[in-house]
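K.L.:
Quick one, protein-v6.pdb (PDB, C-alpha atoms and all ligand atoms):
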ATOM      1  CA  MET A 264      67.644 -58.380 -21.429  1.00  0.00           C
ATOM      2  CA  ASP A 265      67.843 -58.745 -17.655  1.00  0.00           C
ATOM      3  CA  GLU A 266      64.675 -56.713 -17.308  1.00  0.00           C
ATOM      4  CA  LYS A 267      62.890 -59.160 -19.588  1.00  0.00           C
ATOM      5  CA  LYS A 268      64.140 -62.109 -17.485  1.00  0.00           C
ATOM      6  CA  ASP A 269      63.020 -60.371 -14.329  1.00  0.00           C
ATOM      7  CA  SER A 270      59.648 -59.712 -15.851  1.00  0.00           C
ATOM      8  CA  ARG A 271      59.232 -63.397 -16.765  1.00  0.00           C
ATOM      9  CA  ARG A 272      60.444 -64.481 -13.328  1.00  0.00           C
ATOM     10  CA  ASN A 273      58.001 -62.083 -11.663  1.00  0.00           C
ATOM     11  CA  PHE A 274      55.159 -63.405 -13.742  1.00  0.00           C
ATOM     12  CA  ILE A 275      55.956 -67.035 -12.903  1.00  0.00           C
ATOM     13  CA  THR A 276      56.493 -66.246  -9.231  1.00  0.00           C
ATOM     14  CA  LYS A 277      53.161 -64.480  -9.110  1.00  0.00           C
ATOM     15  CA  PHE A 278      50.968 -66.935 -10.988  1.00  0.00           C
ATOM     16  CA  ALA A 279      52.504 -70.365 -10.352  1.00  0.00           C
ATOM     17  CA  PRO A 280      51.140 -70.630  -6.793  1.00  0.00           C
ATOM     18  CA  ALA A 281      47.694 -69.499  -7.959  1.00  0.00           C
ATOM     19  CA  THR A 282      47.724 -72.166 -10.676  1.00  0.00           C
ATOM     20  CA  PHE A 283      48.863 -74.808  -8.189  1.00  0.00           C
ATOM     21  CA  TRP A 284      46.221 -73.955  -5.584  1.00  0.00           C
ATOM     22  CA  GLY A 285      43.516 -73.600  -8.218  1.00  0.00           C
ATOM     23  CA  SER A 286      44.304 -77.038  -9.614  1.00  0.00           C
ATOM     24  CA  LEU A 287      44.378 -78.517  -6.134  1.00  0.00           C
ATOM     25  CA  ALA A 288      40.977 -76.983  -5.338  1.00  0.00           C
ATOM     26  CA  VAL A 289      39.416 -78.437  -8.509  1.00  0.00           C
ATOM     27  CA  TRP A 290      40.951 -81.859  -7.847  1.00  0.00           C
ATOM     28  CA  GLY A 291      39.892 -81.794  -4.186  1.00  0.00           C
ATOM     29  CA  GLY A 292      36.350 -80.745  -5.083  1.00  0.00           C
ATOM     30  CA  SER A 293      36.062 -83.573  -7.585  1.00  0.00           C
ATOM     31  CA  LEU A 294      37.385 -86.082  -5.050  1.00  0.00           C
ATOM     32  CA  LEU A 295      34.954 -84.850  -2.398  1.00  0.00           C
ATOM     33  CA  LYS A 296      32.000 -85.059  -4.776  1.00  0.00           C
ATOM     34  CA  PHE A 297      33.037 -88.570  -5.816  1.00  0.00           C
ATOM     35  CA  THR A 298      33.298 -89.873  -2.256  1.00  0.00           C
ATOM     36  CA  MET A 299      30.169 -88.190  -0.847  1.00  0.00           C
ATOM     37  CA  PRO A 300      26.866 -90.037  -1.088  1.00  0.00           C
ATOM     38  CA  THR A 301      24.082 -88.269  -2.880  1.00  0.00           C
ATOM     39  CA  LEU A 302      22.359 -86.343  -0.129  1.00  0.00           C
ATOM     40  CA  LEU A 303      19.600 -84.722  -2.126  1.00  0.00           C
ATOM     41  CA  PRO A 304      16.480 -86.804  -2.707  1.00  0.00           C
ATOM     42  CA  GLN A 305      16.293 -88.200  -6.192  1.00  0.00           C
ATOM     43  CA  GLU A 306      13.317 -87.598  -8.418  1.00  0.00           C
ATOM     44  CA  SER A 307      10.945 -90.536  -8.310  1.00  0.00           C
ATOM     45  CA  LYS A 308      10.936 -92.438 -11.563  1.00  0.00           C
ATOM     46  CA  LYS A 309       7.417 -93.595 -12.245  1.00  0.00           C
ATOM     47  CA  ILE A 310       5.696 -93.847 -15.586  1.00  0.00           C
ATOM     48  CA  LYS A 311       1.915 -93.781 -15.818  1.00  0.00           C
ATOM     49  CA  LEU A 312       0.991 -96.547 -18.217  1.00  0.00           C
ATOM     50  CA  GLY A 313      -2.788 -96.403 -18.571  1.00  0.00           C
ATOM     51  CA  MET A 314      -5.513 -98.921 -17.778  1.00  0.00           C
ATOM     52  CA  PRO A 315      -4.800-102.664 -17.617  1.00  0.00           C
ATOM     53  CA  SER A 316      -7.067-103.162 -20.636  1.00  0.00           C
ATOM     54  CA  ASP A 317      -4.599-101.050 -22.677  1.00  0.00           C
ATOM     55  CA  PHE A 318      -2.147-103.951 -22.500  1.00  0.00           C
ATOM     56  CA  PRO A 319      -3.737-107.055 -23.996  1.00  0.00           C
ATOM     57  CA  ASN A 320      -1.882-110.334 -24.180  1.00  0.00           C
ATOM     58  CA  GLY A 321       0.960-110.046 -26.686  1.00  0.00           C
ATOM     59  CA  THR A 322       1.693-106.368 -26.041  1.00  0.00           C
ATOM     60  CA  THR A 323       5.307-105.205 -26.341  1.00  0.00           C
ATOM     61  CA  LYS A 324       5.917-101.530 -25.618  1.00  0.00           C
ATOM     62  CA  ILE A 325       9.390 -99.999 -25.725  1.00  0.00           C
ATOM     63  CA  PHE A 326      10.171 -96.949 -23.571  1.00  0.00           C
ATOM     64  CA  GLU A 327      13.444 -95.802 -25.127  1.00  0.00           C
ATOM     65  CA  LYS A 328      14.122 -92.810 -22.878  1.00  0.00           C
ATOM     66  CA  GLU A 329      13.413 -94.782 -19.708  1.00  0.00           C
ATOM     67  CA  ARG A 330      15.314 -97.827 -21.009  1.00  0.00           C
ATOM     68  CA  VAL A 331      12.631-100.406 -20.405  1.00  0.00           C
ATOM     69  CA  VAL A 332      10.413-102.743 -22.392  1.00  0.00           C
ATOM     70  CA  LEU A 333       6.941-103.664 -21.126  1.00  0.00           C
ATOM     71  CA  PHE A 334       5.424-107.012 -22.046  1.00  0.00           C
ATOM     72  CA  ALA A 335       2.029-108.644 -21.539  1.00  0.00           C
ATOM     73  CA  ASP A 336       1.627-112.394 -21.837  1.00  0.00           C
ATOM     74  CA  ASP A 337      -0.683-115.105 -20.481  1.00  0.00           C
ATOM     75  CA  ASP A 338       0.860-114.762 -17.026  1.00  0.00           C
ATOM     76  CA  GLY A 339       0.600-110.989 -16.727  1.00  0.00           C
ATOM     77  CA  LEU A 340       2.537-107.778 -17.235  1.00  0.00           C
ATOM     78  CA  PHE A 341       6.255-107.388 -16.725  1.00  0.00           C
ATOM     79  CA  ALA A 342       8.899-104.785 -17.491  1.00  0.00           C
ATOM     80  CA  ILE A 343      12.537-105.516 -18.298  1.00  0.00           C
ATOM     81  CA  SER A 344      15.363-102.987 -18.208  1.00  0.00           C
ATOM     82  CA  THR A 345      17.295-102.406 -21.424  1.00  0.00           C
ATOM     83  CA  THR A 346      20.422-101.325 -19.557  1.00  0.00           C
ATOM     84  CA  CYS A 347      23.116-103.939 -20.087  1.00  0.00           C
ATOM     85  CA  THR A 348      24.527-105.337 -16.850  1.00  0.00           C
ATOM     86  CA  HIS A 349      28.051-105.291 -18.279  1.00  0.00           C
ATOM     87  CA  LEU A 350      28.887-101.614 -18.797  1.00  0.00           C
ATOM     88  CA  GLY A 351      25.473-100.028 -19.178  1.00  0.00           C
ATOM     89  CA  CYS A 352      24.894 -99.858 -22.931  1.00  0.00           C
ATOM     90  CA  VAL A 353      21.320-100.000 -24.180  1.00  0.00           C
ATOM     91  CA  VAL A 354      20.379-103.503 -25.302  1.00  0.00           C
ATOM     92  CA  LYS A 355      18.052-103.901 -28.267  1.00  0.00           C
ATOM     93  CA  TRP A 356      14.858-105.974 -28.222  1.00  0.00           C
ATOM     94  CA  THR A 357      15.104-108.387 -31.167  1.00  0.00           C
ATOM     95  CA  GLY A 358      11.666-109.950 -30.872  1.00  0.00           C
ATOM     96  CA  ARG A 359      13.143-113.057 -29.232  1.00  0.00           C
ATOM     97  CA  GLY A 360      15.563-111.546 -26.727  1.00  0.00           C
ATOM     98  CA  PHE A 361      17.945-108.671 -26.143  1.00  0.00           C
ATOM     99  CA  ASP A 362      21.299-108.038 -27.845  1.00  0.00           C
ATOM    100  CA  CYS A 363      23.914-105.615 -26.603  1.00  0.00           C
ATOM    101  CA  PRO A 364      25.634-103.733 -29.431  1.00  0.00           C
ATOM    102  CA  CYS A 365      28.673-102.827 -27.337  1.00  0.00           C
ATOM    103  CA  HIS A 366      30.397-106.098 -26.410  1.00  0.00           C
ATOM    104  CA  GLY A 367      28.041-108.756 -27.720  1.00  0.00           C
ATOM    105  CA  SER A 368      26.111-109.894 -24.650  1.00  0.00           C
ATOM    106  CA  LYS A 369      22.862-111.665 -25.423  1.00  0.00           C
ATOM    107  CA  PHE A 370      19.832-112.142 -23.177  1.00  0.00           C
ATOM    108  CA  ASP A 371      16.741-114.255 -23.698  1.00  0.00           C
ATOM    109  CA  ALA A 372      13.179-112.877 -23.701  1.00  0.00           C
ATOM    110  CA  GLN A 373      13.136-113.016 -19.892  1.00  0.00           C
ATOM    111  CA  GLY A 374      16.407-111.053 -19.657  1.00  0.00           C
ATOM    112  CA  GLU A 375      18.482-114.070 -18.635  1.00  0.00           C
ATOM    113  CA  ILE A 376      22.051-114.251 -19.953  1.00  0.00           C
ATOM    114  CA  ILE A 377      22.630-116.386 -23.035  1.00  0.00           C
ATOM    115  CA  GLN A 378      26.097-115.027 -23.767  1.00  0.00           C
ATOM    116  CA  GLY A 379      28.466-112.761 -21.785  1.00  0.00           C
ATOM    117  CA  PRO A 380      30.406-110.732 -20.928  1.00  0.00           C
ATOM    118  CA  ALA A 381      27.380-109.404 -19.006  1.00  0.00           C
ATOM    119  CA  PRO A 382      27.634-110.768 -15.452  1.00  0.00           C
ATOM    120  CA  LYS A 383      23.950-110.676 -14.514  1.00  0.00           C
ATOM    121  CA  ALA A 384      20.474-110.917 -15.998  1.00  0.00           C
ATOM    122  CA  LEU A 385      18.597-107.758 -16.958  1.00  0.00           C
ATOM    123  CA  LYS A 386      16.600-106.124 -14.155  1.00  0.00           C
ATOM    124  CA  TRP A 387      12.838-106.409 -13.897  1.00  0.00           C
ATOM    125  CA  PHE A 388      10.888-103.381 -12.663  1.00  0.00           C
ATOM    126  CA  LYS A 389       7.798-103.203 -10.465  1.00  0.00           C
ATOM    127  CA  ILE A 390       4.427-102.485 -12.052  1.00  0.00           C
ATOM    128  CA  GLU A 391       1.842-101.084  -9.637  1.00  0.00           C
ATOM    129  CA  LYS A 392      -1.866-100.386  -9.751  1.00  0.00           C
ATOM    130  CA  LEU A 393      -2.772 -96.853  -8.643  1.00  0.00           C
ATOM    131  CA  PRO A 394      -5.975 -96.053  -6.671  1.00  0.00           C
ATOM    132  CA  SER A 395      -7.408 -94.673  -9.919  1.00  0.00           C
ATOM    133  CA  GLY A 396      -7.082 -98.121 -11.493  1.00  0.00           C
ATOM    134  CA  GLN A 397      -4.284 -96.998 -13.797  1.00  0.00           C
ATOM    135  CA  LEU A 398      -0.998 -98.812 -13.938  1.00  0.00           C
ATOM    136  CA  SER A 399       2.330 -97.286 -13.053  1.00  0.00           C
ATOM    137  CA  LEU A 400       5.790 -98.546 -13.850  1.00  0.00           C
ATOM    138  CA  ASN A 401       8.128 -97.914 -10.925  1.00  0.00           C
ATOM    139  CA  LEU A 402      11.738 -97.629 -12.088  1.00  0.00           C
ATOM    140  CA  ASP A 403      12.907 -97.222  -8.482  1.00  0.00           C
ATOM    141  CA  LYS A 404      11.789-100.722  -7.522  1.00  0.00           C
ATOM    142  CA  THR A 405      12.953-103.980  -8.997  1.00  0.00           C
ATOM    143  CA  VAL A 406      11.303-107.356  -8.683  1.00  0.00           C
ATOM    144  CA  GLU A 407      12.748-110.800  -9.064  1.00  0.00           C
ATOM    145  CA  SER A 408      13.096-112.023 -12.590  1.00  0.00           C
ATOM    146  CA  GLY A 409       9.950-113.921 -13.543  1.00  0.00           C
ATOM    147  CA  VAL A 410       7.503-111.947 -11.343  1.00  0.00           C
ATOM    148  CA  LYS A 411       4.571-111.020 -13.581  1.00  0.00           C
ATOM    149  CA  GLU A 412       1.678-108.895 -12.391  1.00  0.00           C
ATOM    150  CA  GLN A 413      -1.944-109.882 -12.998  1.00  0.00           C
ATOM    151  CA  PHE A 414      -4.197-106.824 -13.093  1.00  0.00           C
ATOM    152  CA  TYR A 415      -7.110-108.247 -15.047  1.00  0.00           C
ATOM    153  CA  VAL A 416     -10.383-108.814 -13.201  1.00  0.00           C
TER
HETATM  154  S1  LIG A 501      27.863-103.123 -22.238  1.00  0.00           S
HETATM  155 FE1  LIG A 501      26.701-104.775 -22.950  1.00  0.00          FE
HETATM  156  S2  LIG A 501      28.117-106.301 -23.347  1.00  0.00           S
HETATM  157 FE2  LIG A 501      29.318-104.670 -22.630  1.00  0.00          FE
END
So that I can check it, write out the structure of this file as structure tokens.
P.N.:
Amino acid sequence: MDEKKDSRRNFITKFAPATFWGSLAVWGGSLLKFTMPTLLPQESKKIKLGMPSDFPNGTTKIFEKERVVLFADDDGLFAISTTCTHLGCVVKWTGRGFDCPCHGSKFDAQGEIIQGPAPKALKWFKIEKLPSGQLSLNLDKTVESGVKEQFYV
């Protein structure tokens, strides 16, 4: 019986410090990663769209993976993020605005808040014309809400 107790005590004495230090190392690594800025360059997020003539007035194109909707109206092209400004859920384009399925925020067709809890309007992304004449949607750059790009000649 005493041998069994000794065996258990030996086991605990041997492995408890390893468990403690292992846990501390994992916790410390997580804390370090959390507090360090991202040092590696991020992949540029640009989407080639095509020629300006591919987006006639009235166009609505949803990019689900990239979380953005592209629109063309009389004033030009513009792209609105579908990431809710509350907690990041994907808002749905309803044809008249954006609804968030998570907590009920609603945005108008320009991404402005109609109903919270979202604290801010949806982001607008930059649309650029490449030297080739094609359009590119730059998800790394935002523009002020209401800035529409005219690419028609
Ligand atoms: S994440 Fe959209 S309302 Fe909360």
K.L.:
Could you give me, as a PyMOL selection string, the residues within 10 Å of Asp338 of chain A, counting only C-alpha atoms and dropping anything in the same chain fewer than 2 positions from it?
P.N.:
chain A and resi 320+335-336+340-341+409-413
K.L.:
Using only C-alpha atoms and all ligand atoms, which of the listed residues (A:Ser368, A:Asn401, A:Ser270, A:Ser395) sits closest to ligand LIG 501 (chain A)?
P.N.:
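Nearest candidate to ligand LIG 501 (chain A) out of A:Ser368, A:Asn401, A:Ser270, A:Ser395: A:Ser368.
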K.L.:
Compute the set of protein, DNA and RNA residues whose minimum atom distance to ligand LIG 501 (chain A) is at most 9 Å, using all atoms listed in the file, and state it as a VMD selection string.
P.N.:
chain A and resid 346 to 354 362 to 369 378 to 381
K.L.:
Determine the nearest neighbour of Arg359 of chain A from the options A:Asp371, A:Glu327, A:Asp337, A:Asp403, counting all atoms listed in the file.
P.N.:
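Of all the options, A:Asp371 lies closest to Arg359 of chain A.
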K.L.:
Between A:Phe361, A:Phe414, A:Phe283, A:Trp290, single out the one closest to Pro319 of chain A, counting all atoms listed in the file.
P.N.:
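Counting all atoms listed in the file, the residue closest to Pro319 of chain A is A:Phe414.
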K.L.:
Quick one: apply the PyMOL selection byres (((chain A and resi 404) around 12) and not hetatm) to the file and drop the selected residues here as a list in words.
P.N.:
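So the PyMOL selection byres (((chain A and resi 404) around 12) and not hetatm) ends up selecting Ser307, Lys308, Lys309, Ala342, Ile343, Ser344, Lys386, Trp387, Phe388, Lys389, Ile390, Glu391, Ser399, Leu400, Asn401, Leu402, Asp403, Thr405, Val406 and Glu407 of chain A.
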K.L.:
Would you kindly translate the PyMOL selection byres (((chain A and resi 325) around 12) and not hetatm) into the concrete residues it picks from this file, as a ChimeraX atom specification?
P.N.:
/A:312,322-324,326-334,342-345,354-358
K.L.:
To one decimal place in Å, what is the distance between atom CA of Pro382 of chain A and atom CA of Ser408 of chain A?
P.N.:
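Between these atoms lies a distance of 14.9 Å.
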K.L.:
Expressed in Å to a single decimal, how great is the separation between atom CA of Glu375 of chain A and atom CA of Gly321 of chain A?
P.N.:
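Straight-line distance from atom CA of Glu375 of chain A to atom CA of Gly321 of chain A works out to 19.7 Å.
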K.L.:
What is the atom CA of Gly339 of chain A-atom CA of Leu393 of chain A distance in Å, reported with one decimal?
P.N.:
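So the two atoms, atom CA of Gly339 of chain A and atom CA of Leu393 of chain A, lie 16.6 Å apart.
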K.L.:
Using all atoms listed in the file, which of A:Gln397, A:Asn273, A:Gln373, A:Ser286 sits nearest Lys311 of chain A?
P.N.:
A:Gln397
K.L.:
Output requested as a compact mmCIF listing (two decimals), in the frame of the given file - segment 272-293 of chain A, filled out with N, CA, C and O atoms.
P.N.:
# COMPACT_ATOMS: atom_id res chain seq x y z
N ARG A 272 60.32 -63.87 -14.66
CA ARG A 272 60.44 -64.48 -13.33
C ARG A 272 59.33 -63.96 -12.40
O ARG A 272 58.71 -64.71 -11.66
N ASN A 273 59.08 -62.66 -12.48
CA ASN A 273 58.00 -62.08 -11.66
C ASN A 273 56.64 -62.69 -12.01
O ASN A 273 55.85 -63.00 -11.12
N PHE A 274 56.44 -62.85 -13.29
CA PHE A 274 55.16 -63.40 -13.74
C PHE A 274 54.98 -64.82 -13.20
O PHE A 274 53.93 -65.17 -12.63
N ILE A 275 56.03 -65.64 -13.37
CA ILE A 275 55.96 -67.04 -12.90
C ILE A 275 55.81 -67.09 -11.38
O ILE A 275 55.00 -67.84 -10.85
N THR A 276 56.55 -66.28 -10.69
CA THR A 276 56.49 -66.25 -9.23
C THR A 276 55.10 -65.85 -8.75
O THR A 276 54.59 -66.37 -7.77
N LYS A 277 54.47 -64.98 -9.51
CA LYS A 277 53.16 -64.48 -9.11
C LYS A 277 52.05 -65.49 -9.40
O LYS A 277 51.16 -65.71 -8.58
N PHE A 278 52.10 -66.11 -10.58
CA PHE A 278 50.97 -66.94 -10.99
C PHE A 278 51.13 -68.44 -10.76
O PHE A 278 50.14 -69.16 -10.74
N ALA A 279 52.32 -68.93 -10.57
CA ALA A 279 52.50 -70.36 -10.35
C ALA A 279 51.77 -70.86 -9.11
O ALA A 279 51.06 -71.87 -9.17
N PRO A 280 51.89 -70.15 -7.97
CA PRO A 280 51.14 -70.63 -6.79
C PRO A 280 49.63 -70.60 -7.02
O PRO A 280 48.92 -71.50 -6.58
N ALA A 281 49.14 -69.58 -7.70
CA ALA A 281 47.69 -69.50 -7.96
C ALA A 281 47.25 -70.68 -8.82
O ALA A 281 46.20 -71.29 -8.57
N THR A 282 48.05 -71.03 -9.82
CA THR A 282 47.72 -72.17 -10.68
C THR A 282 47.74 -73.46 -9.87
O THR A 282 46.83 -74.29 -10.00
N PHE A 283 48.76 -73.60 -9.02
CA PHE A 283 48.86 -74.81 -8.19
C PHE A 283 47.65 -74.95 -7.28
O PHE A 283 46.99 -75.98 -7.23
N TRP A 284 47.34 -73.88 -6.54
CA TRP A 284 46.22 -73.96 -5.58
C TRP A 284 44.88 -74.09 -6.30
O TRP A 284 43.98 -74.78 -5.82
N GLY A 285 44.76 -73.46 -7.44
CA GLY A 285 43.52 -73.60 -8.22
C GLY A 285 43.31 -75.03 -8.67
O GLY A 285 42.22 -75.59 -8.54
N SER A 286 44.39 -75.64 -9.17
CA SER A 286 44.30 -77.04 -9.61
C SER A 286 43.98 -77.95 -8.45
O SER A 286 43.18 -78.88 -8.57
N LEU A 287 44.62 -77.70 -7.32
CA LEU A 287 44.38 -78.52 -6.13
C LEU A 287 42.92 -78.40 -5.68
O LEU A 287 42.30 -79.39 -5.29
N ALA A 288 42.37 -77.19 -5.75
CA ALA A 288 40.98 -76.98 -5.34
C ALA A 288 40.03 -77.75 -6.26
O ALA A 288 39.09 -78.40 -5.80
N VAL A 289 40.27 -77.72 -7.56
CA VAL A 289 39.42 -78.44 -8.51
C VAL A 289 39.52 -79.94 -8.26
O VAL A 289 38.51 -80.65 -8.20
N TRP A 290 40.74 -80.43 -8.09
CA TRP A 290 40.95 -81.86 -7.85
C TRP A 290 40.29 -82.28 -6.54
O TRP A 290 39.60 -83.29 -6.46
N GLY A 291 40.47 -81.48 -5.49
CA GLY A 291 39.89 -81.79 -4.19
C GLY A 291 38.37 -81.78 -4.23
O GLY A 291 37.71 -82.65 -3.66
N GLY A 292 37.81 -80.81 -4.95
CA GLY A 292 36.35 -80.74 -5.08
C GLY A 292 35.81 -81.96 -5.80
O GLY A 292 34.79 -82.54 -5.39
N SER A 293 36.49 -82.38 -6.84
CA SER A 293 36.06 -83.57 -7.58
C SER A 293 36.13 -84.81 -6.71
O SER A 293 35.23 -85.64 -6.71
